[in-house]
Each structure stands twice: as C-alpha cells, then as structure tokens.
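Asks: Pasting model.pdb here (PDB, C-alpha atoms):
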MODEL        1
ATOM      1  CA  MET A   4       6.954  11.907  12.623
ATOM      2  CA  THR A   5       6.528   8.773  14.760
ATOM      3  CA  ALA A   6       8.001   5.510  13.555
ATOM      4  CA  ALA A   7       4.535   3.899  13.383
ATOM      5  CA  LEU A   8       3.219   6.645  11.097
ATOM      6  CA  GLN A   9       6.326   6.481   8.916
ATOM      7  CA  HIS A  10       5.910   2.721   8.546
ATOM      8  CA  LEU A  11       2.251   3.213   7.602
ATOM      9  CA  GLN A  12       3.146   5.789   4.949
ATOM     10  CA  THR A  13       5.822   3.504   3.542
ATOM     11  CA  PHE A  14       3.317   0.650   3.284
ATOM     12  CA  VAL A  15       0.784   2.822   1.415
ATOM     13  CA  ARG A  16       3.418   4.075  -1.036
ATOM     14  CA  VAL A  17       4.614   0.519  -1.749
ATOM     15  CA  VAL A  18       1.031  -0.506  -2.520
ATOM     16  CA  GLU A  19       0.547   2.535  -4.773
ATOM     17  CA  ARG A  20       3.863   2.187  -6.606
ATOM     18  CA  GLY A  21       3.869  -1.620  -6.793
ATOM     19  CA  SER A  22       7.481  -2.215  -5.770
ATOM     20  CA  LEU A  23       9.913  -1.570  -2.931
ATOM     21  CA  SER A  24      12.639  -0.302  -5.256
ATOM     22  CA  ALA A  25      10.374   2.386  -6.738
ATOM     23  CA  VAL A  26       9.513   3.734  -3.281
ATOM     24  CA  ALA A  27      13.151   3.625  -2.222
ATOM     25  CA  ARG A  28      14.108   5.774  -5.239
ATOM     26  CA  GLU A  29      11.227   8.158  -4.543
ATOM     27  CA  LEU A  30      12.187   8.659  -0.899
ATOM     28  CA  GLY A  31      15.926   8.677  -1.510
ATOM     29  CA  VAL A  32      16.659   5.803   0.860
ATOM     30  CA  GLY A  33      17.997   2.290   0.507
ATOM     31  CA  GLN A  34      15.658  -0.579  -0.311
ATOM     32  CA  SER A  35      16.687  -2.200   2.974
ATOM     33  CA  THR A  36      15.095   0.739   4.812
ATOM     34  CA  ILE A  37      11.795   0.158   3.032
ATOM     35  CA  SER A  38      11.944  -3.554   3.864
ATOM     36  CA  ARG A  39      12.667  -2.762   7.494
ATOM     37  CA  HIS A  40       9.634  -0.443   7.709
ATOM     38  CA  LEU A  41       7.391  -3.126   6.268
ATOM     39  CA  ARG A  42       8.706  -5.834   8.573
ATOM     40  CA  ALA A  43       8.163  -3.579  11.588
ATOM     41  CA  LEU A  44       4.603  -2.794  10.489
ATOM     42  CA  GLU A  45       3.758  -6.464   9.925
ATOM     43  CA  ALA A  46       5.239  -7.349  13.302
ATOM     44  CA  SER A  47       3.083  -4.711  14.990
ATOM     45  CA  VAL A  48      -0.169  -5.972  13.399
ATOM     46  CA  GLY A  49       0.789  -9.634  13.690
ATOM     47  CA  THR A  50       0.204 -10.727  10.103
ATOM     48  CA  ARG A  51       1.743 -10.551   6.655
ATOM     49  CA  LEU A  52       0.412  -7.623   4.610
ATOM     50  CA  LEU A  53       2.398  -7.960   1.379
ATOM     51  CA  HIS A  54       3.801 -10.705  -0.787
ATOM     52  CA  ARG A  55       6.966  -9.014  -2.013
ATOM     53  CA  THR A  56      10.014  -9.519  -4.161
ATOM     54  CA  THR A  57      12.717  -7.069  -5.222
ATOM     55  CA  ARG A  58      10.731  -5.991  -8.297
ATOM     56  CA  HIS A  59       7.110  -6.446  -7.313
ATOM     57  CA  SER A  60       4.722  -6.544  -4.376
ATOM     58  CA  ALA A  61       1.102  -7.649  -3.980
ATOM     59  CA  LEU A  62      -1.358  -7.342  -1.125
ATOM     60  CA  THR A  63      -2.399 -10.309   0.935
ATOM     61  CA  GLU A  64      -6.067 -10.632   1.855
ATOM     62  CA  ALA A  65      -5.344  -9.066   5.249
ATOM     63  CA  GLY A  66      -3.195  -6.424   3.552
ATOM     64  CA  THR A  67      -6.083  -5.373   1.310
ATOM     65  CA  ARG A  68      -8.286  -4.619   4.311
ATOM     66  CA  TYR A  69      -5.414  -2.942   6.144
ATOM     67  CA  TYR A  70      -4.599  -0.723   3.132
ATOM     68  CA  GLU A  71      -8.169   0.628   3.020
ATOM     69  CA  GLU A  72      -7.981   1.561   6.689
ATOM     70  CA  ALA A  73      -4.478   2.986   6.281
ATOM     71  CA  LEU A  74      -5.710   5.395   3.600
ATOM     72  CA  ARG A  75      -8.396   6.681   5.947
ATOM     73  CA  ILE A  76      -5.919   7.064   8.811
ATOM     74  CA  LEU A  77      -3.415   9.019   6.714
ATOM     75  CA  GLU A  78      -6.123  11.267   5.320
ATOM     76  CA  LEU A  79      -7.222  12.078   8.875
ATOM     77  CA  VAL A  80      -3.600  12.821   9.804
ATOM     78  CA  ASP A  81      -3.256  15.142   6.808
ATOM     79  CA  ARG A  82      -6.472  16.955   7.650
ATOM     80  CA  ALA A  83      -5.503  17.342  11.283
ATOM     81  CA  GLY A  84      -2.104  18.749  10.382
ATOM     82  CA  GLU A  85      -3.490  21.176   7.835
ATOM     83  CA  ALA A  86      -6.184  22.311  10.263
ATOM     84  CA  ALA A  87      -3.494  23.029  12.870
ATOM     85  CA  ARG A  88      -1.577  25.122  10.313
ATOM     86  CA  ALA A  89      -4.686  26.966   9.109
ATOM     87  CA  ALA A  90      -3.743  30.137  10.952
ATOM     88  CA  VAL A  91      -0.633  30.618   8.833
ATOM     89  CA  ALA A  92      -1.323  28.655   5.663
ATOM     90  CA  THR A  93      -4.344  27.056   4.072
ATOM     91  CA  ALA A  94      -2.436  23.928   3.033
ATOM     92  CA  ALA A  95       1.037  22.443   3.199
ATOM     93  CA  GLY A  96       2.994  19.574   1.693
ATOM     94  CA  ARG A  97       4.207  18.417  -1.693
ATOM     95  CA  LEU A  98       2.221  17.861  -4.897
ATOM     96  CA  ARG A  99       3.499  16.199  -8.069
ATOM     97  CA  VAL A 100       1.791  17.340 -11.279
ATOM     98  CA  THR A 101       2.265  16.253 -14.891
ATOM     99  CA  CYS A 102       1.040  18.030 -18.009
ATOM    100  CA  SER A 103       1.741  18.278 -21.745
ATOM    101  CA  SER A 104       4.680  20.546 -22.536
ATOM    102  CA  ALA A 105       3.213  23.439 -24.525
ATOM    103  CA  PHE A 106       0.048  23.686 -22.429
ATOM    104  CA  GLY A 107       2.135  23.581 -19.284
ATOM    105  CA  ILE A 108       4.513  26.318 -20.432
ATOM    106  CA  LEU A 109       1.856  28.677 -21.793
ATOM    107  CA  HIS A 110      -0.795  28.225 -19.097
ATOM    108  CA  VAL A 111      -0.364  25.689 -16.294
ATOM    109  CA  THR A 112       2.943  26.975 -14.904
ATOM    110  CA  ARG A 113       1.378  30.405 -14.374
ATOM    111  CA  TRP A 114      -1.623  28.855 -12.617
ATOM    112  CA  LEU A 115       0.568  26.782 -10.305
ATOM    113  CA  LEU A 116       2.669  29.792  -9.345
ATOM    114  CA  ALA A 117      -0.528  31.705  -8.531
ATOM    115  CA  PHE A 118      -1.654  28.756  -6.387
ATOM    116  CA  GLN A 119       1.633  28.792  -4.473
ATOM    117  CA  ALA A 120       1.267  32.529  -3.912
ATOM    118  CA  LYS A 121      -2.000  31.739  -2.088
ATOM    119  CA  HIS A 122      -0.635  28.640  -0.343
ATOM    120  CA  PRO A 123       3.089  29.162   0.315
ATOM    121  CA  GLY A 124       3.278  25.985   2.355
ATOM    122  CA  VAL A 125       2.728  23.833  -0.743
ATOM    123  CA  SER A 126       5.720  22.720  -2.817
ATOM    124  CA  ILE A 127       5.026  21.646  -6.405
ATOM    125  CA  ASP A 128       6.962  19.274  -8.640
ATOM    126  CA  LEU A 129       5.792  19.907 -12.229
ATOM    127  CA  SER A 130       6.745  17.449 -14.976
ATOM    128  CA  LEU A 131       6.161  18.685 -18.540
ATOM    129  CA  THR A 132       6.035  15.864 -21.064
ATOM    130  CA  ASP A 133       3.947  14.834 -24.042
ATOM    131  CA  GLU A 134       4.301  11.209 -22.960
ATOM    132  CA  ARG A 135       1.352   9.936 -20.912
ATOM    133  CA  ALA A 136       2.760   9.294 -17.471
ATOM    134  CA  ASP A 137       1.405   6.487 -15.299
ATOM    135  CA  LEU A 138       0.174   8.347 -12.220
ATOM    136  CA  VAL A 139       0.459   5.365  -9.878
ATOM    137  CA  ARG A 140       3.780   4.008 -11.133
ATOM    138  CA  ASP A 141       5.418   7.446 -11.420
ATOM    139  CA  GLY A 142       3.991   8.829  -8.197
ATOM    140  CA  PHE A 143       1.987  11.794  -9.543
ATOM    141  CA  ASP A 144      -0.874  13.341  -7.584
ATOM    142  CA  LEU A 145      -2.532  14.969 -10.586
ATOM    143  CA  ALA A 146      -2.328  15.006 -14.386
ATOM    144  CA  ILE A 147      -3.780  17.408 -16.932
ATOM    145  CA  ARG A 148      -4.602  15.570 -20.156
ATOM    146  CA  ILE A 149      -5.749  16.817 -23.545
ATOM    147  CA  GLY A 150      -7.618  14.332 -25.735
ATOM    148  CA  THR A 151      -9.777  11.255 -25.339
ATOM    149  CA  LEU A 152      -9.279   9.345 -22.098
ATOM    150  CA  HIS A 153      -8.443   5.655 -22.183
ATOM    151  CA  ASP A 154      -7.675   4.772 -18.540
ATOM    152  CA  SER A 155     -10.952   4.284 -16.664
ATOM    153  CA  SER A 156      -9.098   3.516 -13.411
ATOM    154  CA  LEU A 157      -8.413   7.240 -12.893
ATOM    155  CA  VAL A 158     -10.784   9.843 -11.495
ATOM    156  CA  ALA A 159     -11.454  12.474 -14.173
ATOM    157  CA  ARG A 160     -12.804  15.994 -13.840
ATOM    158  CA  LYS A 161     -13.485  17.677 -17.160
ATOM    159  CA  LEU A 162     -12.241  21.226 -17.588
ATOM    160  CA  GLY A 163     -13.862  21.679 -20.982
ATOM    161  CA  ASP A 164     -13.470  21.158 -24.721
ATOM    162  CA  ALA A 165     -10.630  22.892 -26.554
ATOM    163  CA  ARG A 166     -11.313  24.513 -29.917
ATOM    164  CA  ARG A 167      -8.941  23.775 -32.819
ATOM    165  CA  VAL A 168      -8.323  25.935 -35.883
ATOM    166  CA  VAL A 169      -6.321  25.902 -39.113
ATOM    167  CA  VAL A 170      -3.836  28.792 -39.192
ATOM    168  CA  ALA A 171      -0.993  30.203 -41.278
ATOM    169  CA  THR A 172       0.865  33.497 -41.627
ATOM    170  CA  PRO A 173      -0.626  36.144 -43.927
ATOM    171  CA  ALA A 174       2.634  35.998 -45.927
ATOM    172  CA  TYR A 175       2.285  32.254 -46.489
ATOM    173  CA  LEU A 176      -1.313  32.654 -47.627
ATOM    174  CA  ALA A 177      -0.335  35.486 -49.971
ATOM    175  CA  ARG A 178       2.251  33.217 -51.603
ATOM    176  CA  HIS A 179       0.259  29.995 -51.770
ATOM    177  CA  GLY A 180      -3.373  31.091 -51.701
ATOM    178  CA  THR A 181      -6.020  30.927 -48.988
ATOM    179  CA  PRO A 182      -7.926  27.623 -48.792
ATOM    180  CA  ARG A 183     -11.655  28.135 -49.323
ATOM    181  CA  ARG A 184     -12.665  24.473 -48.904
ATOM    182  CA  PRO A 185     -11.090  21.708 -46.804
ATOM    183  CA  GLU A 186     -10.159  19.914 -50.027
ATOM    184  CA  ASP A 187      -7.851  22.821 -50.888
ATOM    185  CA  LEU A 188      -5.510  21.734 -48.088
ATOM    186  CA  ALA A 189      -4.224  18.913 -50.284
ATOM    187  CA  SER A 190      -2.125  21.446 -52.224
ATOM    188  CA  HIS A 191      -0.619  23.048 -49.104
ATOM    189  CA  ASN A 192       2.308  22.163 -46.861
ATOM    190  CA  ALA A 193       0.984  20.941 -43.503
ATOM    191  CA  ILE A 194       3.007  21.354 -40.305
ATOM    192  CA  ARG A 195       2.013  18.329 -38.246
ATOM    193  CA  PHE A 196       2.198  17.156 -34.649
ATOM    194  CA  ALA A 197       4.163  13.907 -34.699
ATOM    195  CA  GLY A 198       2.676  10.854 -33.063
ATOM    196  CA  ARG A 199      -0.974  11.868 -33.318
ATOM    197  CA  PRO A 200      -3.257   9.195 -34.884
ATOM    198  CA  ASP A 201      -5.054  11.882 -36.916
ATOM    199  CA  ILE A 202      -1.837  13.448 -38.167
ATOM    200  CA  ALA A 203      -2.608  12.874 -41.854
ATOM    201  CA  ARG A 204      -6.425  12.878 -41.886
ATOM    202  CA  LEU A 205      -8.638  15.742 -40.739
ATOM    203  CA  ALA A 206     -12.412  15.691 -40.289
ATOM    204  CA  PHE A 207     -14.161  19.031 -40.824
ATOM    205  CA  THR A 208     -17.809  19.851 -40.196
ATOM    206  CA  ALA A 209     -19.393  21.466 -43.245
ATOM    207  CA  PRO A 210     -21.916  24.333 -42.962
ATOM    208  CA  ASP A 211     -24.702  21.856 -43.762
ATOM    209  CA  GLY A 212     -23.643  19.636 -40.849
ATOM    210  CA  GLY A 213     -21.962  16.977 -42.952
ATOM    211  CA  THR A 214     -18.401  15.749 -42.490
ATOM    212  CA  VAL A 215     -15.562  16.448 -44.898
ATOM    213  CA  ASN A 216     -12.511  14.181 -44.528
ATOM    214  CA  VAL A 217      -9.241  15.462 -45.951
ATOM    215  CA  ARG A 218      -5.748  13.999 -46.112
ATOM    216  CA  VAL A 219      -2.866  16.427 -45.622
ATOM    217  CA  GLN A 220       0.848  16.131 -46.134
ATOM    218  CA  GLY A 221       3.910  18.189 -45.372
ATOM    219  CA  ASP A 222       7.660  18.192 -44.869
ATOM    220  CA  PHE A 223       7.815  19.149 -41.176
ATOM    221  CA  GLU A 224       6.597  17.094 -38.218
ATOM    222  CA  VAL A 225       7.421  17.846 -34.594
ATOM    223  CA  ASN A 226       6.329  16.581 -31.191
ATOM    224  CA  HIS A 227       6.104  19.925 -29.381
ATOM    225  CA  GLY A 228       3.420  22.596 -29.697
ATOM    226  CA  LEU A 229       5.832  25.517 -29.256
ATOM    227  CA  ALA A 230       7.895  24.242 -32.168
ATOM    228  CA  ILE A 231       4.711  24.242 -34.272
ATOM    229  CA  ARG A 232       4.249  27.914 -33.334
ATOM    230  CA  GLU A 233       7.786  28.657 -34.528
ATOM    231  CA  ALA A 234       7.310  26.772 -37.801
ATOM    232  CA  LEU A 235       4.053  28.640 -38.429
ATOM    233  CA  LEU A 236       5.679  32.013 -37.763
ATOM    234  CA  ALA A 237       8.513  31.054 -40.116
ATOM    235  CA  GLY A 238       5.913  30.645 -42.875
ATOM    236  CA  ARG A 239       6.588  26.925 -43.383
ATOM    237  CA  GLY A 240       2.938  26.085 -43.980
ATOM    238  CA  LEU A 241      -0.491  25.636 -42.435
ATOM    239  CA  ALA A 242      -1.202  23.799 -39.202
ATOM    240  CA  VAL A 243      -4.088  22.592 -37.100
ATOM    241  CA  ALA A 244      -3.560  24.156 -33.680
ATOM    242  CA  HIS A 245      -5.396  24.512 -30.402
ATOM    243  CA  TRP A 246      -6.784  28.007 -30.001
ATOM    244  CA  TRP A 247      -5.043  28.242 -26.611
ATOM    245  CA  LEU A 248      -1.740  27.717 -28.468
ATOM    246  CA  VAL A 249      -2.146  30.445 -31.109
ATOM    247  CA  ALA A 250      -4.824  32.888 -29.890
ATOM    248  CA  ASP A 251      -2.274  35.582 -29.006
ATOM    249  CA  LEU A 252      -0.624  35.309 -32.431
ATOM    250  CA  VAL A 253      -3.964  35.584 -34.221
ATOM    251  CA  GLU A 254      -4.976  38.599 -32.116
ATOM    252  CA  ARG A 255      -1.707  40.348 -33.062
ATOM    253  CA  GLY A 256      -2.215  39.565 -36.754
ATOM    254  CA  GLU A 257       0.825  37.300 -36.964
ATOM    255  CA  LEU A 258      -1.368  34.318 -37.921
ATOM    256  CA  SER A 259      -4.673  34.094 -39.800
ATOM    257  CA  VAL A 260      -7.452  31.547 -39.320
ATOM    258  CA  VAL A 261      -8.689  29.811 -42.459
ATOM    259  CA  LEU A 262     -11.727  27.569 -43.058
ATOM    260  CA  ALA A 263     -13.530  29.123 -40.094
ATOM    261  CA  ASP A 264     -16.864  27.952 -41.549
ATOM    262  CA  HIS A 265     -15.634  24.319 -41.446
ATOM    263  CA  PRO A 266     -14.814  23.692 -37.743
ATOM    264  CA  LEU A 267     -12.780  20.751 -36.492
ATOM    265  CA  ALA A 268     -13.860  18.563 -33.589
ATOM    266  CA  THR A 269     -12.863  19.885 -30.194
ATOM    267  CA  LEU A 270     -10.645  17.899 -27.815
ATOM    268  CA  PRO A 271     -11.486  17.479 -24.115
ATOM    269  CA  ILE A 272      -9.181  18.591 -21.310
ATOM    270  CA  HIS A 273      -9.367  16.690 -18.005
ATOM    271  CA  LEU A 274      -7.812  16.740 -14.574
ATOM    272  CA  LEU A 275      -6.931  13.200 -13.477
ATOM    273  CA  THR A 276      -6.237  11.815 -10.021
ATOM    274  CA  VAL A 277      -5.664   8.281  -8.765
ATOM    275  CA  ARG A 278      -8.812   6.460  -7.693
ATOM    276  CA  GLY A 279      -8.660   5.585  -4.002
ATOM    277  CA  ALA A 280      -5.683   7.847  -3.281
ATOM    278  CA  ARG A 281      -5.788  10.134  -0.266
ATOM    279  CA  ALA A 282      -7.711  13.303  -1.107
ATOM    280  CA  THR A 283      -5.539  15.726   0.852
ATOM    281  CA  THR A 284      -6.623  19.289   1.459
ATOM    282  CA  ARG A 285      -3.799  20.621  -0.711
ATOM    283  CA  LEU A 286      -4.871  18.420  -3.637
ATOM    284  CA  ARG A 287      -8.536  19.386  -3.298
ATOM    285  CA  LEU A 288      -7.584  23.064  -3.203
ATOM    286  CA  LEU A 289      -5.340  22.694  -6.264
ATOM    287  CA  VAL A 290      -8.094  20.954  -8.250
ATOM    288  CA  ASP A 291     -10.524  23.757  -7.419
ATOM    289  CA  HIS A 292      -7.903  26.367  -8.344
ATOM    290  CA  LEU A 293      -7.210  24.737 -11.724
ATOM    291  CA  VAL A 294     -10.893  24.427 -12.555
ATOM    292  CA  SER A 295     -11.288  28.148 -11.914
ATOM    293  CA  ALA A 296      -8.118  29.047 -13.832
ATOM    294  CA  ALA A 297      -9.196  26.985 -16.844
ATOM    295  CA  ALA A 298     -12.048  29.429 -17.398
ATOM    296  CA  THR A 299      -9.414  31.861 -18.684
ATOM    297  CA  ILE A 300      -8.174  29.526 -21.451
ATOM    298  CA  PRO A 301      -8.892  31.004 -24.910
ATOM    299  CA  GLY A 302     -11.290  28.829 -26.906
ATOM    300  CA  LEU A 303     -12.281  26.451 -24.120
ATOM    301  CA  ALA A 304     -15.949  25.486 -23.849
ATOM    302  CA  ARG A 305     -16.561  24.717 -20.193
ATOM    303  CA  GLY A 306     -17.118  21.046 -19.407
ATOM    304  CA  GLY A 307     -19.644  19.388 -17.143
TER     305      GLY A 307
ENDMDL
END
Take the structure from the file and write it as structure tokens.
Replies:
Amino acid sequence: MTAALQHLQTFVRVVERGSLSAVARELGVGQSTISRHLRALEASVGTRLLHRTTRHSALTEAGTRYYEEALRILELVDRAGEAARAAVATAAGRLRVTCSSAFGILHVTRWLLAFQAKHPGVSIDLSLTDERADLVRDGFDLAIRIGTLHDSSLVARKLGDARRVVVATPAYLARHGTPRRPEDLASHNAIRFAGRPDIARLAFTAPDGGTVNVRVQGDFEVNHGLAIREALLAGRGLAVAHWWLVADLVERGELSVVLADHPLATLPIHLLTVRGARATTRLRLLVDHLVSAAATIPGLARGG
C-alpha cells in the first residue's frame, strides 16, 4: 500500500470514528502515527482538513468536500482490487458484524460461515451482544437488529417480521393448566427477557380483531434468549419467545404453543449499514447472502 493511500484511509477512518485515539486502537498503532498520517495528507493537499484534539475531531469546510471525494476514491480502489482477484476469489478483506446473542448463535454464525466458504478471502469479526452497538463509533460494517429502529442515520434493509409465540413445556401445563384466554396468564409464572420495555405488559390480538392487554409477572428474568430456552425446558414457567428461538423445541414436542388464536405483534428484523460508508464488494455480497439466508428463518414473514 502506498503512503498516500494509507494516509487517505486513515483520514476516512478518523472522520468515521470521530477521534484519533479510537482509530489508533482499531489499527493497533500509536496515536502519534495517526497524527503523522493526517499531517502528511494535509501537507500534500495544502489545507487543513480536520480540527482535532486528543478526544475529538471535526471536519473543516475543505475537509468535508475532501472526505466525499476520498470515499469515492477508496471505493474505486476496493473495486479495482477485488476485480483483479476475481479469478481466485469473489471478494476479499475484513468485515465487522454485530448481532444479538441468541439470534447470532442459532442462525447468523452459520450463515457467515457459509459466506466464508464461498468467499475465502473475506475475514469476519462477529460481535454477539444484546447491547445496541454504535456502528460508526465502534467501527462495524453491518448490524442485524431485531425490533423497532430508532436511528434514522443508518441505512436499513428489512429482512422480515419475526413471529412471537407463548410457549411452555407440556409438563408445566399439566401441573398449572393451559391458558385459554390471555387473561389466564395472570395466574402463571412468566419467564421474561430483562430490559425489554414490554416485559410486564403483552398485547394480544383477539379473534375478532380487538386488542387484549395483559400484565404478567414471574420470578425469573434474564437478558439472553438461550437462557430463556433453558428456563422453559426446566419447566419454570411460560414465556413469550421468537419462533426462530423455539421452533425446533416445539417440533420435537419439548415445548407447546398456547393462545395460538391470540397472536402477538411481530417484530421486524433489519440489516443496518452506515449511511455514506464505502459500499465495498464484500459488503454488498454479504448483504445479499444474508437476505437470502433469512428466508430460512422459521416464522419470518419476508419484508419489503
């Protein structure tokens, strides 16, 4: 890599991350190296591109125009490199992906491994967390999010709407009775996902189209979907669960669905990328691969 191209890449990453120290940590170099790259770039173009301190940086007016051109230049470089490698690999480079833990373990990891089998030149850094990562600040190329979106600055591609069901073990239902109406849940122990705003109140759609709101309570809350699976299988109570989380258990008869005639609202699943970031070939291919793979998710109504 030429020094000029390296300086350009450093500049773009500083703009995207917002600070020199963050880029230094990401690249595994000293902050003085990042500063040196920026000084060399500004000297070559003859103007200041960034107002910067140790903890923060902001574009100058000239820097804003230069950043837009730099994105286009780096995208062309990426495309040219990937085209040259097309004979041996469709894409190459590194991608950082973040996803919720249970969904990532049960589904996304398998999809990413299948993608790498097709594109061995791509390395993937997968972060599984139920905390909503900041794609720009944390340097992620792509996020998979379940639930309502709140950040309009990101580019979203909807995978579909995930079905949710109320489930319990047959043994639990034999001991405590099977709910016939949503109101019956008040007398049951609810296993709940901690931190969700709707943790204690559920809204069911009645057969006549009306809404039935029910408060639930229980003695076990947890912030991981796989732990909810374990608590269900242990017969601790009922739980609202995504169909993709429990479909295999229901099919094997280990869990039973109750209140099937009173469905819960679905939750959307989206792929998110940073607006204005370089749309590399490897990222475009991964997005297409994930959209196709999502069609295999149990209980997912395809999105538009």
Asks: Residues within 8 Å of stretch 155-172 of chain A, please, as an mmCIF file with C-alpha atoms, in the frame of the given file. Count all atoms listed in the file; anything in the same chain fewer than 6 positions from it doesn't count.
Replies:
data_model
loop_
_atom_site.group_PDB
_atom_site.id
_atom_site.type_symbol
_atom_site.label_atom_id
_atom_site.label_comp_id
_atom_site.auth_asym_id
_atom_site.auth_seq_id
_atom_site.Cartn_x
_atom_site.Cartn_y
_atom_site.Cartn_z
ATOM 1 C CA LEU A 235 4.053 28.640 -38.429
ATOM 2 C CA LEU A 236 5.679 32.013 -37.763
ATOM 3 C CA GLY A 238 5.913 30.645 -42.875
ATOM 4 C CA GLY A 240 2.938 26.085 -43.980
ATOM 5 C CA LEU A 241 -0.491 25.636 -42.435
ATOM 6 C CA ALA A 242 -1.202 23.799 -39.202
ATOM 7 C CA VAL A 243 -4.088 22.592 -37.100
ATOM 8 C CA ALA A 244 -3.560 24.156 -33.680
ATOM 9 C CA HIS A 245 -5.396 24.512 -30.402
ATOM 10 C CA TRP A 246 -6.784 28.007 -30.001
ATOM 11 C CA TRP A 247 -5.043 28.242 -26.611
ATOM 12 C CA GLU A 257 0.825 37.300 -36.964
ATOM 13 C CA LEU A 258 -1.368 34.318 -37.921
ATOM 14 C CA SER A 259 -4.673 34.094 -39.800
ATOM 15 C CA VAL A 260 -7.452 31.547 -39.320
ATOM 16 C CA VAL A 261 -8.689 29.811 -42.459
ATOM 17 C CA LEU A 262 -11.727 27.569 -43.058
ATOM 18 C CA ALA A 263 -13.530 29.123 -40.094
ATOM 19 C CA PRO A 266 -14.814 23.692 -37.743
ATOM 20 C CA LEU A 267 -12.780 20.751 -36.492
ATOM 21 C CA ALA A 268 -13.860 18.563 -33.589
ATOM 22 C CA THR A 269 -12.863 19.885 -30.194
ATOM 23 C CA LEU A 270 -10.645 17.899 -27.815
ATOM 24 C CA PRO A 271 -11.486 17.479 -24.115
ATOM 25 C CA ILE A 272 -9.181 18.591 -21.310
ATOM 26 C CA HIS A 273 -9.367 16.690 -18.005
ATOM 27 C CA LEU A 274 -7.812 16.740 -14.574
ATOM 28 C CA LEU A 275 -6.931 13.200 -13.477
ATOM 29 C CA THR A 276 -6.237 11.815 -10.021
ATOM 30 C CA VAL A 277 -5.664 8.281 -8.765
ATOM 31 C CA ARG A 278 -8.812 6.460 -7.693
ATOM 32 C CA VAL A 294 -10.893 24.427 -12.555
ATOM 33 C CA ALA A 297 -9.196 26.985 -16.844
ATOM 34 C CA GLY A 302 -11.290 28.829 -26.906
ATOM 35 C CA LEU A 303 -12.281 26.451 -24.120
ATOM 36 C CA ALA A 304 -15.949 25.486 -23.849
ATOM 37 C CA ARG A 305 -16.561 24.717 -20.193
ATOM 38 C CA GLY A 306 -17.118 21.046 -19.407
ATOM 39 C CA GLY A 307 -19.644 19.388 -17.143
#
Asks: At a cut-off of 7 Å, using all atoms listed in the file, what residues contact stretch 203-207 of chain A? Leave out same-chain residues fewer than 6 positions from it and give the result as a list in words.
Replies: Thr214, Val215, Asn216, Val217, Arg218, Val219, Gln220, His265, Pro266 and Leu267 of chain A
Asks: Which one is closest to A:Tyr69: A:Ala193, A:Leu109, A:Leu252, A:Val18? Count all atoms listed in the file.
Replies: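 Answer, going by the shortest atom-to-atom distance: A:Val18.
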Asks: Please indicate the distance in Å from atom CA of A:Gly142 to atom CA of A:Thr283, rounded to one decimal place.
Replies: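 Computing the Euclidean distance for atom CA of A:Gly142 and atom CA of A:Thr283 yields 14.8 Å.
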Asks: For a quick check of understanding, using all atoms listed in the file, which of A:His10, A:Ala197, A:Leu98, A:Gly66 has the smallest distance to A:Phe118?
Replies: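 Nearest candidate to A:Phe118 out of A:His10, A:Ala197, A:Leu98, A:Gly66: A:Leu98.
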Asks: So what does the PyMOL selection byres ((chain A and resi 228) around 10) actually pick up in this one, as a VMD selection string?
Replies: chain A and resid 103 to 106 133 195 to 196 225 to 227 229 to 234 244 to 245 248 to 249
Asks: Kindly give the distance, in Å, that separates atom CA of A:Pro123 and atom CA of A:Ala83, rounded to a single decimal.
Replies: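 Going from atom CA of A:Pro123 over to atom CA of A:Ala83 covers 18.3 Å.
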Asks: Using all atoms listed in the file, which of A:Ile300, A:Leu286, A:Leu115, A:Ala120 sits nearest A:Arg82?
Replies: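 The closest residue to A:Arg82 is A:Leu286.
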Asks: Expressed in Å to a single decimal, how great is the separation between atom CA of A:Ile194 and atom CA of A:Leu176?
Replies: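 Computing it gives 14.1 Å between the two atoms.
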Asks: Could you list, as a ChimeraX atom specification, every residue matched by the PyMOL selection byres ((chain A and resi 143) around 12) in this structure?
Replies: /A:16,19-20,29,97-102,127-130,135-142,144-147,157,275-277,280,286
Asks: If you count only C-alpha atoms, which residues fall within 12 Å of A:Thr36, apart from same-chain ones fewer than 6 positions away, as a ChimeraX atom specification?
Replies: /A:9-10,13-14,23-24,26-28,30,42-43
Asks: I'd like the residues picked by the PyMOL selection byres ((chain A and resi 7) around 12) written out as a list in words, using the chain letters and numbers from the file.
Replies: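 Evaluating the PyMOL selection byres ((chain A and resi 7) around 12) on these coordinates yields Met4, Thr5, Ala6, Leu8, Gln9, His10, Leu11, Gln12, Thr13, Phe14, His40, Leu41, Arg42, Ala43, Leu44, Glu45, Ala46, Ser47, Val48, Ala73, Ile76 and Leu77 of chain A.
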Asks: Applying 10 Å and all atoms listed in the file, which residues near A:Ala296 remain after dropping the ones on its own chain fewer than 3 positions away? List them as a list in words.
Replies: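 Near neighbours after the sequence-gap exclusion: His110, Val111, Arg113, Trp114, Leu115, Ala117, Phe118, Leu162, Val290, Asp291, His292, Leu293, Thr299 and Ile300 of chain A.
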